[in-house]
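Reproduced below: data-v1.txt, with compact mmCIF, C-alpha atoms and all ligand atoms.
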# COMPACT_ATOMS: atom_id res chain seq x y z
CA MET F 1 9.32 -2.05 -24.82
CA ASN F 2 5.83 -0.59 -24.70
CA SER F 3 5.20 2.96 -23.60
CA ILE F 4 3.86 3.75 -20.14
CA LYS F 5 0.63 4.78 -21.78
CA GLU F 6 0.24 1.41 -23.50
CA ASN F 7 1.19 -0.46 -20.33
CA LEU F 8 -1.39 1.45 -18.32
CA PHE F 9 -4.04 0.78 -20.94
CA GLU F 10 -3.33 -2.96 -20.84
CA LEU F 11 -3.24 -2.96 -17.06
CA GLN F 12 -6.57 -1.12 -16.72
CA LYS F 13 -8.11 -3.66 -19.08
CA LYS F 14 -6.86 -6.54 -16.93
CA ILE F 15 -8.08 -4.86 -13.73
CA GLN F 16 -11.54 -4.46 -15.24
CA GLN F 17 -11.58 -8.06 -16.45
CA ALA F 18 -10.54 -9.38 -13.05
CA ALA F 19 -13.20 -7.23 -11.36
CA ASN F 20 -15.89 -8.36 -13.80
CA LEU F 21 -15.04 -12.00 -13.20
CA CYS F 22 -15.86 -11.67 -9.51
CA GLN F 23 -18.71 -9.18 -9.90
CA ARG F 24 -16.85 -6.31 -8.33
CA ASP F 25 -17.08 -2.72 -9.50
CA TYR F 26 -13.61 -1.98 -10.89
CA LYS F 27 -13.84 1.51 -9.42
CA GLU F 28 -13.43 -0.06 -5.97
CA ILE F 29 -9.91 -1.03 -6.97
CA LYS F 30 -7.35 1.73 -6.75
CA LEU F 31 -4.10 1.48 -8.64
CA VAL F 32 -0.99 2.52 -6.73
CA ALA F 33 1.77 2.97 -9.30
CA VAL F 34 5.00 1.92 -7.59
CA THR F 35 7.74 4.28 -8.68
CA LYS F 36 10.81 3.25 -6.68
CA THR F 37 14.04 3.62 -8.69
CA PHE F 38 12.24 5.52 -11.50
CA HIS F 39 13.11 9.14 -12.13
CA ALA F 40 10.59 11.93 -11.64
CA ASP F 41 10.41 12.51 -15.41
CA ILE F 42 9.08 8.97 -15.84
CA VAL F 43 6.65 9.37 -12.96
CA ARG F 44 5.46 12.59 -14.57
CA LYS F 45 4.53 10.64 -17.70
CA ALA F 46 2.43 8.26 -15.64
CA LEU F 47 0.64 11.15 -13.93
CA ASN F 48 -0.03 12.70 -17.33
CA CYS F 49 -1.62 9.41 -18.40
CA GLY F 50 -4.12 9.63 -15.56
CA VAL F 51 -2.37 7.81 -12.69
CA LYS F 52 -3.55 9.30 -9.41
CA CYS F 53 -1.74 7.33 -6.71
CA LEU F 54 1.99 6.75 -6.39
CA GLY F 55 3.81 4.32 -4.09
CA GLU F 56 7.34 4.95 -2.86
CA ASN F 57 9.60 2.77 -0.68
CA TYR F 58 12.32 5.17 0.44
CA ILE F 59 11.87 8.54 2.13
CA GLN F 60 14.88 10.31 0.64
CA GLU F 61 14.08 9.19 -2.89
CA ALA F 62 10.43 10.16 -2.45
CA ARG F 63 11.23 13.62 -1.07
CA GLU F 64 13.04 14.62 -4.22
CA LYS F 65 10.36 13.28 -6.53
CA ILE F 66 7.48 14.81 -4.59
CA GLU F 67 9.20 18.18 -4.76
CA ASN F 68 9.96 17.79 -8.46
CA LEU F 69 6.32 16.89 -9.20
CA SER F 70 4.63 19.37 -6.87
CA ASP F 71 2.98 21.10 -9.85
CA LEU F 72 0.86 17.98 -10.48
CA GLN F 73 -1.98 16.46 -8.43
CA ALA F 74 -1.04 13.13 -6.91
CA SER F 75 -1.71 11.07 -3.83
CA TRP F 76 1.57 9.72 -2.43
CA HIS F 77 1.62 6.43 -0.53
CA PHE F 78 4.52 5.10 1.52
CA ILE F 79 4.87 1.33 1.02
CA GLY F 80 8.39 0.56 2.27
CA HIS F 81 9.80 -0.25 5.67
CA LEU F 82 9.61 2.88 7.80
CA GLN F 83 12.23 3.70 10.42
CA LYS F 84 11.09 5.73 13.42
CA ASN F 85 13.68 8.42 12.72
CA LYS F 86 12.03 9.06 9.33
CA ALA F 87 8.49 9.27 10.75
CA LYS F 88 8.52 13.04 10.61
CA TYR F 89 9.10 13.07 6.84
CA ALA F 90 6.62 10.28 6.23
CA VAL F 91 3.87 12.27 7.95
CA LYS F 92 4.75 15.40 6.02
CA LEU F 93 4.91 13.73 2.62
CA PHE F 94 2.40 10.88 2.47
CA ASP F 95 -1.38 10.64 2.35
CA LEU F 96 -1.35 6.97 3.32
CA ILE F 97 1.37 4.91 5.04
CA HIS F 98 0.83 1.23 4.20
CA SER F 99 3.55 -0.22 6.38
CA VAL F 100 2.88 0.43 10.07
CA ASP F 101 3.81 -2.69 12.02
CA SER F 102 4.56 -1.65 15.60
CA PHE F 103 2.99 0.43 18.34
CA LYS F 104 6.21 2.40 18.79
CA LEU F 105 6.20 3.45 15.15
CA ALA F 106 2.52 4.41 15.37
CA GLN F 107 3.21 6.48 18.49
CA THR F 108 6.01 8.34 16.75
CA LEU F 109 3.79 8.98 13.71
CA ASP F 110 1.03 10.19 16.03
CA LYS F 111 3.36 12.68 17.70
CA GLU F 112 4.58 14.03 14.37
CA ALA F 113 1.03 14.24 13.02
CA GLN F 114 -0.04 16.22 16.09
CA LYS F 115 2.73 18.72 15.45
CA ILE F 116 1.36 19.56 12.02
CA ASN F 117 -2.29 19.12 12.92
CA LYS F 118 -2.83 16.17 10.63
CA ILE F 119 -4.79 12.97 10.98
CA GLN F 120 -2.42 10.43 9.43
CA ASP F 121 -4.09 7.60 7.52
CA ILE F 122 -2.30 4.29 7.87
CA LEU F 123 -2.60 0.59 7.10
CA ILE F 124 -1.27 -2.19 9.30
CA GLN F 125 1.31 -4.38 7.57
CA ILE F 126 1.07 -8.05 8.48
CA ASN F 127 3.86 -10.56 7.95
CA ILE F 128 1.39 -13.08 6.62
CA GLY F 129 3.96 -15.73 5.68
CA ASN F 130 5.96 -15.37 8.91
CA GLU F 131 9.08 -14.64 6.87
CA LYS F 132 12.22 -13.62 8.74
CA THR F 133 13.27 -11.30 5.92
CA LYS F 134 10.03 -9.33 5.84
CA SER F 135 8.59 -6.61 7.99
CA GLY F 136 5.06 -6.65 9.29
CA ILE F 137 3.40 -7.63 12.53
CA CYS F 138 2.88 -11.28 13.32
CA LYS F 139 -0.79 -12.13 12.81
CA ASN F 140 -1.24 -13.33 16.40
CA ASP F 141 -0.43 -9.83 17.63
CA ILE F 142 -2.70 -7.97 15.25
CA PHE F 143 -5.68 -7.44 17.56
CA ASP F 144 -3.60 -5.99 20.40
CA LEU F 145 -1.76 -3.72 18.01
CA ILE F 146 -4.94 -2.38 16.43
CA PHE F 147 -6.59 -1.87 19.81
CA ASN F 148 -3.58 0.11 21.07
CA ILE F 149 -3.22 2.23 17.94
CA SER F 150 -6.95 2.98 17.90
CA LYS F 151 -6.43 5.13 20.98
CA LEU F 152 -3.94 7.46 19.31
CA SER F 153 -5.64 10.74 18.50
CA ASN F 154 -3.91 11.63 15.24
CA ILE F 155 -3.70 8.22 13.59
CA LYS F 156 -6.48 6.60 11.62
CA ILE F 157 -6.31 2.93 10.67
CA ASN F 158 -7.90 2.35 7.26
CA GLY F 159 -7.12 -1.29 6.66
CA LEU F 160 -4.42 -3.91 6.17
CA MET F 161 -1.46 -4.54 3.88
CA ILE F 162 0.68 -7.57 3.02
CA VAL F 163 3.69 -8.49 0.94
CA PRO F 164 3.13 -12.26 0.76
CA PRO F 165 5.83 -14.87 0.09
CA TYR F 166 7.01 -14.87 -3.50
CA TYR F 167 5.80 -17.55 -5.92
CA ASN F 168 5.91 -17.64 -9.70
CA ASN F 169 2.42 -19.06 -9.70
CA PRO F 170 -0.15 -16.56 -8.35
CA GLU F 171 -2.45 -19.41 -7.32
CA LYS F 172 0.09 -20.21 -4.60
CA VAL F 173 -0.26 -16.67 -3.28
CA ARG F 174 -4.06 -16.75 -3.26
CA PRO F 175 -4.36 -18.40 0.21
CA PHE F 176 -2.47 -15.46 1.73
CA PHE F 177 -4.88 -13.02 0.11
CA GLN F 178 -7.80 -15.07 1.45
CA GLU F 179 -6.26 -15.12 4.89
CA LEU F 180 -5.90 -11.35 4.92
CA ASN F 181 -9.53 -10.97 3.94
CA SER F 182 -10.64 -13.22 6.83
CA LEU F 183 -8.45 -11.30 9.25
CA LYS F 184 -10.10 -8.13 8.06
CA GLN F 185 -13.55 -9.60 8.78
CA GLU F 186 -12.50 -10.69 12.25
CA ILE F 187 -11.29 -7.17 12.95
CA VAL F 188 -14.54 -5.69 11.64
CA LYS F 189 -16.45 -7.96 14.06
CA LYS F 190 -14.47 -6.63 17.00
CA ASP F 191 -15.79 -3.18 16.15
CA PHE F 192 -12.80 -1.25 17.48
CA PRO F 193 -13.66 2.43 17.87
CA ASN F 194 -11.97 4.70 15.33
CA VAL F 195 -10.81 1.81 13.14
CA LEU F 196 -11.88 1.37 9.52
CA MET F 197 -11.26 -1.75 7.47
CA ASN F 198 -12.02 -0.18 4.10
CA GLU F 199 -8.72 -0.99 2.44
CA LEU F 200 -6.86 -4.18 1.65
CA SER F 201 -3.50 -3.37 0.08
CA MET F 202 -2.42 -6.54 -1.70
CA GLY F 203 -1.43 -7.65 -5.19
CA MET F 204 1.58 -6.71 -7.30
CA THR F 205 2.49 -7.21 -10.98
CA GLY F 206 2.59 -11.02 -10.75
CA ASP F 207 -0.58 -11.63 -8.78
CA PHE F 208 -2.91 -8.62 -8.80
CA GLU F 209 -5.71 -10.47 -10.59
CA CYS F 210 -5.87 -13.05 -7.77
CA ALA F 211 -5.69 -10.25 -5.22
CA ILE F 212 -8.64 -8.47 -6.84
CA GLN F 213 -10.69 -11.67 -6.73
CA GLU F 214 -9.90 -11.96 -3.02
CA GLY F 215 -10.94 -8.41 -2.15
CA ALA F 216 -7.98 -6.08 -2.78
CA THR F 217 -8.87 -2.38 -2.87
CA LEU F 218 -5.33 -1.08 -3.35
CA ILE F 219 -3.06 -2.90 -5.79
CA ARG F 220 0.60 -1.86 -5.87
CA ILE F 221 2.01 -2.21 -9.38
CA GLY F 222 5.49 -1.27 -10.57
CA THR F 223 6.90 -3.57 -13.24
CA ALA F 224 3.74 -3.85 -15.37
CA ILE F 225 3.71 -0.06 -15.78
CA PHE F 226 7.36 1.00 -15.82
CA GLY F 227 9.15 -2.17 -16.88
CA GLN F 228 11.84 -4.11 -15.02
CA ARG F 229 13.75 -2.27 -12.30
CA LYS F 230 17.56 -2.21 -12.51
C1 LIG F 301 8.28 -2.85 -5.37
C2 LIG F 301 7.02 -3.10 -4.65
C3 LIG F 301 5.82 -3.34 -5.33
C4 LIG F 301 5.69 -3.42 -6.85
O1 LIG F 301 6.14 -4.65 -7.32
P1 LIG F 301 6.01 -5.06 -8.87
O2 LIG F 301 6.21 -6.52 -8.85
O3 LIG F 301 7.08 -4.32 -9.61
O4 LIG F 301 4.65 -4.67 -9.35
C5 LIG F 301 4.67 -3.49 -4.57
N1 LIG F 301 4.70 -3.45 -3.22
C6 LIG F 301 5.84 -3.23 -2.54
C7 LIG F 301 5.80 -3.19 -1.06
C8 LIG F 301 7.03 -3.07 -3.23
O5 LIG F 301 8.17 -2.88 -2.53
Represent the supplied structure as structure tokens.
Ligand SMILES: *Cc1c(COP(=O)(O)O)cnc(C)c1O
Amino acid sequence: MNSIKENLFELQKKIQQAANLCQRDYKEIKLVAVTKTFHADIVRKALNCGVKCLGENYIQEAREKIENLSDLQASWHFIGHLQKNKAKYAVKLFDLIHSVDSFKLAQTLDKEAQKINKIQDILIQINIGNEKTKSGICKNDIFDLIFNISKLSNIKINGLMIVPPYYNNPEKVRPFFQELNSLKQEIVKKDFPNVLMNELSMGMTGDFECAIQEGATLIRIGTAIFGQRK
């Protein structure tokens, strides 16, 4: 198996190639290294190789790693399903929460953010494939949700996130990326106060090149950096 350093080098090359192909500046595309199941020592290696953003799926697991790595600079992103009773920790630990999909969750985050005087940056997760097994708001409800959340004082919407249906062939995933991009443009047109649509969080190891071509600004990559998860 290649080292993390080699994997990151290869990955950066592919990100740049994908960006060049669609005339995007590769600096617009931020890599979120997804570290679930990997020990802090391994995450430390990635940070020492220049990784700046880390994505975690579970609060308890993330708490331990964030503490262990507190001597290093890193931006921590929460990308998993968030339960309301963990909102307090999420607000304390994470710079960006990708997975907000209900008004109730946003309200709870807002309350916790007020307590510590923070403006919490979030993305809205959409269940783009209408899959029963996945979290995310149904796309028909997206405008109401964004309008309601935009009124919360300590929450700032920065964009949208999806985990599309799984296909071996990334071309089959491309329409979901395109759909998210059109949704983003519709939201921009509505000009909600206090809502930014700067970020599209989409693309994982199997399909990030397609996602970049369709406008991703945050790609969430685990396997291509750290190898297969157990
Ligand atoms: C695990 C995970 C990823 C990373 O997936 P890879 O295929 O390993 O790159 C990205 N996003 C979410 C939400 C995840 O849970």
Closest contacts (chain F/ligand LIG 301 (chain F), max 6 Å, all atoms listed in the file) as CSV:
residue,atom,partner,partner_atom,distance
F:Val34,CA,F:LIG301,C4,5.4
F:Ile79,CA,F:LIG301,C7,5.1
F:Gly80,CA,F:LIG301,C7,5.6
F:Met204,CA,F:LIG301,O4,4.2
F:Thr205,CA,F:LIG301,O4,3.7
F:Arg220,CA,F:LIG301,C5,4.6
F:Ile221,CA,F:LIG301,O4,3.6
F:Gly222,CA,F:LIG301,O3,3.6
F:Thr223,CA,F:LIG301,O3,3.7
Could the residues in this selection be saved with C-alpha atoms as a compact mmCIF listing (two decimals), in the coordinates of the input?
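Everything below was put into result.txt:
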# COMPACT_ATOMS: atom_id res chain seq x y z
CA VAL F 34 5.00 1.92 -7.59
CA ILE F 79 4.87 1.33 1.02
CA GLY F 80 8.39 0.56 2.27
CA MET F 204 1.58 -6.71 -7.30
CA THR F 205 2.49 -7.21 -10.98
CA ARG F 220 0.60 -1.86 -5.87
CA ILE F 221 2.01 -2.21 -9.38
CA GLY F 222 5.49 -1.27 -10.57
CA THR F 223 6.90 -3.57 -13.24
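Contact shell of F:Ala33 at 10 Å (only C-alpha atoms; same-chain neighbours under 5 positions omitted): Leu8, Val43, Ala46, Leu47, Val51, Lys52, Cys53, Leu54, Gly55, Glu56, Trp76, His77, Met204, Ile219, Arg220, Ile221, Gly222, Thr223, Ala224, Ile225 and Phe226 of chain F.
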Find the residues with any atom within 12 Å of (7.6, 4.9, 13.6); use only C-alpha atoms and the coordinates as given in the file, and write the answer as number ranges by chain. F: 81-91, 97, 99-113, 122, 149, 155
So that I can check the surroundings of F:Gln17, please list as an MDAnalysis selection string every protein, DNA and RNA residue that reaches within 9 Å of it, counting all atoms listed in the file and ignoring chain neighbours fewer than 5 positions away. chainID F and resid 12 22 26 209
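Coordinates place atom CA of F:Gln114 at a distance of 6.1 Å from atom CA of F:Asn154.
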Within 12 Å of (-15.3, -5.6, 7.5) (file coordinates; all atoms listed in the file), which protein or nucleic acid residues are there? I'd like them as a PyMOL selection string. chain F and resi 158-160+180-192+195-200+215
Could you jot down the atom CA of F:Thr217 to atom CA of F:Tyr167 separation for me, Å, one decimal place?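 Taking atom CA of F:Thr217 as the start and atom CA of F:Tyr167 as the end point, the length is 21.3 Å.
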Compare F:Asn168, F:Ser70, F:Glu214, F:Asn194 by their minimum atom-to-atom distance to F:Lys151, counting all atoms listed in the file, and give me the closest one. F:Asn194
From the list F:Asp25, F:Leu93, F:Phe147, F:Val163, the nearest residue to F:Thr133 using only C-alpha atoms is F:Val163
Skip F:His39 itself and residues of its chain fewer than 4 positions away, then list as an MDAnalysis selection string all residues within 10 Å of it, counting all atoms listed in the file. chainID F and resid 35 43:44 61 64:65 68
Limited to C-alpha atoms, could you put the picked residues into a file as an mmCIF file, in the frame of the given file?
data_model
loop_
_atom_site.group_PDB
_atom_site.id
_atom_site.type_symbol
_atom_site.label_atom_id
_atom_site.label_comp_id
_atom_site.auth_asym_id
_atom_site.auth_seq_id
_atom_site.Cartn_x
_atom_site.Cartn_y
_atom_site.Cartn_z
ATOM 1 C CA THR F 35 7.740 4.280 -8.680
ATOM 2 C CA VAL F 43 6.650 9.370 -12.960
ATOM 3 C CA ARG F 44 5.460 12.590 -14.570
ATOM 4 C CA GLU F 61 14.080 9.190 -2.890
ATOM 5 C CA GLU F 64 13.040 14.620 -4.220
ATOM 6 C CA LYS F 65 10.360 13.280 -6.530
ATOM 7 C CA ASN F 68 9.960 17.790 -8.460
#
Contacts of F:Arg174 at 10 Å (all atoms listed in the file; same-chain gap of 6+ positions) as a VMD selection string: chain F and resid 164 180 203 207 to 211 213 to 214
What separation in Å, quoted to one decimal, exists between atom CA of F:Ser135 and atom CA of F:Glu28? 26.9 Å
Out of F:Ala40, F:Ile66, F:Ala216, F:Ile162, which residue has the shortest atom-to-atom distance to F:Asn130 when counting all atoms listed in the file? F:Ile162
